[in-house]
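The next block holds one structure in the form of structure tokens; read it before the comments.
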Amino acid sequence: MKPVLMCCSVSVDFDGFYALQGADLKVYPHEVRFLIGPNGAGKTTLLDVICGKTRASSGKVLFYSHDITDMPEHKIVQLGISRKFQSPSIFHQLTVWENMELALKQDRGLFAVLRAKMSEADRDMIITLLQRIELLDYADQKAGSLSHGQKQWLEIGMQLIQFPQLLLLDEPIAGMSAAERERTGELIHEIARDCAVVIVEHDMDFVRRFSKQVTVMHEGKVLCEGTMEDIQQNEKVVEIYLGREEKAC
Amino acid sequence: MIKKNWMYWLFFLALFLAPFYLTEFRLSLLGKFLCFAMIAIGISLIWGYTGILSLGHGVYFGLGAYCMAMYLKLEASGGRLPDFMEWSGVNKLPWFWKPFEQPVIAISSAIIVPVLLAMFLSYFTFRNRIKGVYFSLLSQAIVVVFVTLFIGKQEWTGGTNGLTNFSTVFGFSLSSPLTQIVLYLLTVVLLLSMFLFSRWLTRSRFGRVLVAIRDSENRVRFLGFNPTTYKVFVYSLSAAFAGIAGAMFVLQVGLISPAMMGIIPSIEMVLWVAVGGRSSLIGAIIGAIVTNGAKSFFSENYPDIWLLFLGGLFIAVVLFLPNGLTGVYQSVRQRKKQGEVRANEASSHVLQRVSRF
Ligand SMILES: Nc1ncnc2c1ncn2[C@@H]1O[C@H](COP(=O)(O)OP(=O)(O)O)[C@@H](O)[C@H]1O
Ligand SMILES: [Mg+2]
């Protein structure tokens with residue numbers, strides 16, 4: 001099977017500090033890939049490179065056969081990669097509904113947007129998605145007034161409505177209650193029926209519960225890959241990461 | 001819809017009927033204020049809605065005004081060289097003055113020249129992701145450049161005195177009251193069109209993209225929009241409004257000089273919008289009229305304290321009225337509404353109690 005995403009020895013140089021030092025990653029269709037690793041391992045930076053927020057100093061990022069290494073952010077989105085940021089970044093001044101409206105898959109050119117009208121199909125789609133993320137009752141509220149967990153869901157909803165082929169999630173369950181976490185985990189697997197998901201997560205219980213393939217990063221490189229069981233056996237991983245967590249417990 | 005907006009319509013109706021109840025002098029003042037209101041609408045679009053603070057709109061206003069003034073000056077000179085050129089020893093009309101003999105070219109230049117400058121400036125800054133204070137400073141720098149240029153090139157621009165001493169427009173005498181009333185009404189029509197167009201823009205999906213850019217430009221990018229295109233468009237649109245305002249200003253005031261497009265006027269323009277409420281189009285219009293009304297009241301009666309008043313006003317708005325006059329109106333209305341709700345609740349409590357017995 002052809003991978004959706006291929007990162008080939010990606011390095012990122014922040015004025016002499018290498019946040020990524022030749023990271024490799026392959027993600028296949030319908031996969032839910034967890035990225036774990038200690039703080040500062042470069043997980044967020046890797047997602048930033050994929051979505052164009054940060055530029056790779058060397059290496060390549062391929063999306064199917066497109067070379068997206070140097071593509072502008074909005075073009076990458078239009079190809080079908082969407083990104084949820086670590087801190088919820090929704091538009092606080094707009095209502096929940098308006099946030100979804102902007103996120104719709106649409107022609108984002110200026111003149112198309114000037115003439116844009118909400119079609120029945122779009123309306124139904126927003127309603128369906130708002131139901132799925134349990135925000136339909138809040139449609140007319142300003143997004144800034146939502147709770148932290150609801151903001152996270154709204155942002156996930158805004159990714160889903162774009163029907164991406166690759167979804168990048170950075171710590172999506174931060175600040176959520178136990179019930180919200182459970183629901184988010186299920187949601188992620190529902191999403192994976194339609195697209196590949198790369199998800200950065202710190203919460204090991206969550207990873208254990210919802211992961212199939214896990215990639216461990218350390219000091220800007222990929223340390224190893226496998227199922228959670230495989231990884232827990234890996235000595236290096238135990239040493240740098242799980243061990244530290246267990247010791248802490 | 002009509003019911004909710006009756007105040008807007010009443011306001012514009014009052015403007016249309018002003019020739020019937022204002023003296024000639026007051027009408028020409030109001031006409032001038034309405035030109036300023038056009039600029040204010042544009043600034044509300046870029047600043048209030050999109051979050052771009054431009055401190056350089058004097059230039060777009062000035063360029064529009066000079067384009068129109070060049071035509072008027074040539075018409076007043078009746079085929080001879082404009083007076084100020086003779087004084088500075090020019091003996092042939094400069095090539096770029098020539099096209100302004102044509103009214104169509106002069107009027108379209110009053111829009112196109114400011115728009116081209118705005119597109120040029122905004123494209124290169126926004127594409128390079130220069131934002132916030134840096135953009136504001138850059139827009140001020142443009143003002144300095146243009147004012148210096150216009151003062152320095154006296155033989156082409158009339159220098160510090162600017163362009164004045166016009167006589168007719170399309171053959172009609174500028175000093176005739178009828179011409180002035182027609183120009184006034186044209187100003188109201190233009191203002192109304194700009195208001196309606198901007199209102200349509202801000203209520204469409206396009207308007208939501210603008211607010212989204214103000215909220216978080218990066219996020220807009222990651223939804224697949226290119227914010228640069230939107231910002232350049234709305235910035236250039238506001239320059240077009242300022243250019244039209246400049247042209248109408250010259251027709252009614254009969255004078256444009258570098259001092260009117262300088263740094264102080266450019267900052268005042270932002271202040272009008274701050275006073276009215278920056279994210280309200282009608283607020284911007286009212287802000288321009290009220291501030292300038294106060295300005296002419298004070299400069300007629302107490303010329304010395306106008307600048308103090310202006311400074312005080314600015315401080316008051318920034319400290320106490322972040323949403324300007326519109327904000328005050330809205331919070332009063334909200335309080336009143338809450339008061340009514342409470343009164344209703346209270347009376348229904350009473351009724352419930354009464355019915356229990
Ligand atoms: N813009 C930046 N400039 C300099 N250093 C950065 C920047 N962004 C991240 N870093 C550094 O790069 C390393 C990797 O960061 P990050 O990718 O956020 O780690 P993770 O998400 O795995 O915790 C960290 O040491 C961080 O301090
Ligand atoms: Mg991170």
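Please note that chains go A, B, ... in the order of the structure tokens, that every chain numbers its residues from 1, and that ligands are numbered from 1 in the order shown.
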Could you tell me, counting only C-alpha atoms and all ligand atoms, which protein and nucleic acid residues lie no more than 9 Å from ligand 1, written as a PyMOL selection string?
chain A and resi 12-20+35-48+54+86+170+200+217-220
Residue selection dump (C-alpha atoms) as a PDB file, in the first residue's frame:
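Result file is again-v9.pdb:
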```pdb
ATOM      1  CA  VAL A  12      14.797  21.596  11.514  1.00  0.00           C
ATOM      2  CA  ASP A  13      17.387  24.113  12.621  1.00  0.00           C
ATOM      3  CA  PHE A  14      16.252  26.814  15.046  1.00  0.00           C
ATOM      4  CA  ASP A  15      19.276  29.100  14.900  1.00  0.00           C
ATOM      5  CA  GLY A  16      21.725  26.328  15.605  1.00  0.00           C
ATOM      6  CA  PHE A  17      19.462  24.181  17.776  1.00  0.00           C
ATOM      7  CA  TYR A  18      18.270  21.114  15.870  1.00  0.00           C
ATOM      8  CA  ALA A  19      14.725  20.368  17.010  1.00  0.00           C
ATOM      9  CA  LEU A  20      14.531  17.621  14.386  1.00  0.00           C
ATOM     10  CA  LEU A  35       3.475   9.983  18.295  1.00  0.00           C
ATOM     11  CA  ILE A  36       4.906   9.864  21.775  1.00  0.00           C
ATOM     12  CA  GLY A  37       8.142  10.954  23.367  1.00  0.00           C
ATOM     13  CA  PRO A  38       9.405  13.087  26.220  1.00  0.00           C
ATOM     14  CA  ASN A  39       8.925  16.844  26.243  1.00  0.00           C
ATOM     15  CA  GLY A  40      11.038  18.577  23.668  1.00  0.00           C
ATOM     16  CA  ALA A  41      11.432  15.456  21.538  1.00  0.00           C
ATOM     17  CA  GLY A  42      10.254  17.348  18.466  1.00  0.00           C
ATOM     18  CA  LYS A  43       6.733  15.943  18.046  1.00  0.00           C
ATOM     19  CA  THR A  44       5.050  19.324  17.632  1.00  0.00           C
ATOM     20  CA  THR A  45       7.851  20.482  15.372  1.00  0.00           C
ATOM     21  CA  LEU A  46       7.339  17.445  13.130  1.00  0.00           C
ATOM     22  CA  LEU A  47       3.634  18.264  12.770  1.00  0.00           C
ATOM     23  CA  ASP A  48       4.589  21.902  12.089  1.00  0.00           C
ATOM     24  CA  THR A  54       7.809  25.491  10.136  1.00  0.00           C
ATOM     25  CA  GLN A  86      -1.914  22.083  20.769  1.00  0.00           C
ATOM     26  CA  ASP A 170      -1.579  17.749  18.732  1.00  0.00           C
ATOM     27  CA  VAL A 200       0.580  13.438  19.487  1.00  0.00           C
ATOM     28  CA  MET A 217      10.490  10.180  19.203  1.00  0.00           C
ATOM     29  CA  HIS A 218      13.527  11.262  21.129  1.00  0.00           C
ATOM     30  CA  GLU A 219      15.864  14.215  20.609  1.00  0.00           C
ATOM     31  CA  GLY A 220      14.595  15.020  17.138  1.00  0.00           C
TER      32      GLY A 220
END
```
What residues in chain B have any atom no more than 9 Å from chain A when counting only C-alpha atoms, and can you write them as a count of residues only?
24
Which residues are close to region 24-28 of chain A, i.e. within 12 Å by only C-alpha atoms, leaving aside same-chain residues fewer than 5 positions away? Reply as number ranges by chain.
A: 1-11, 33-35, 43, 46-47, 50, 59-64, 165-168, 192, 195-199, 213-217, 220-225
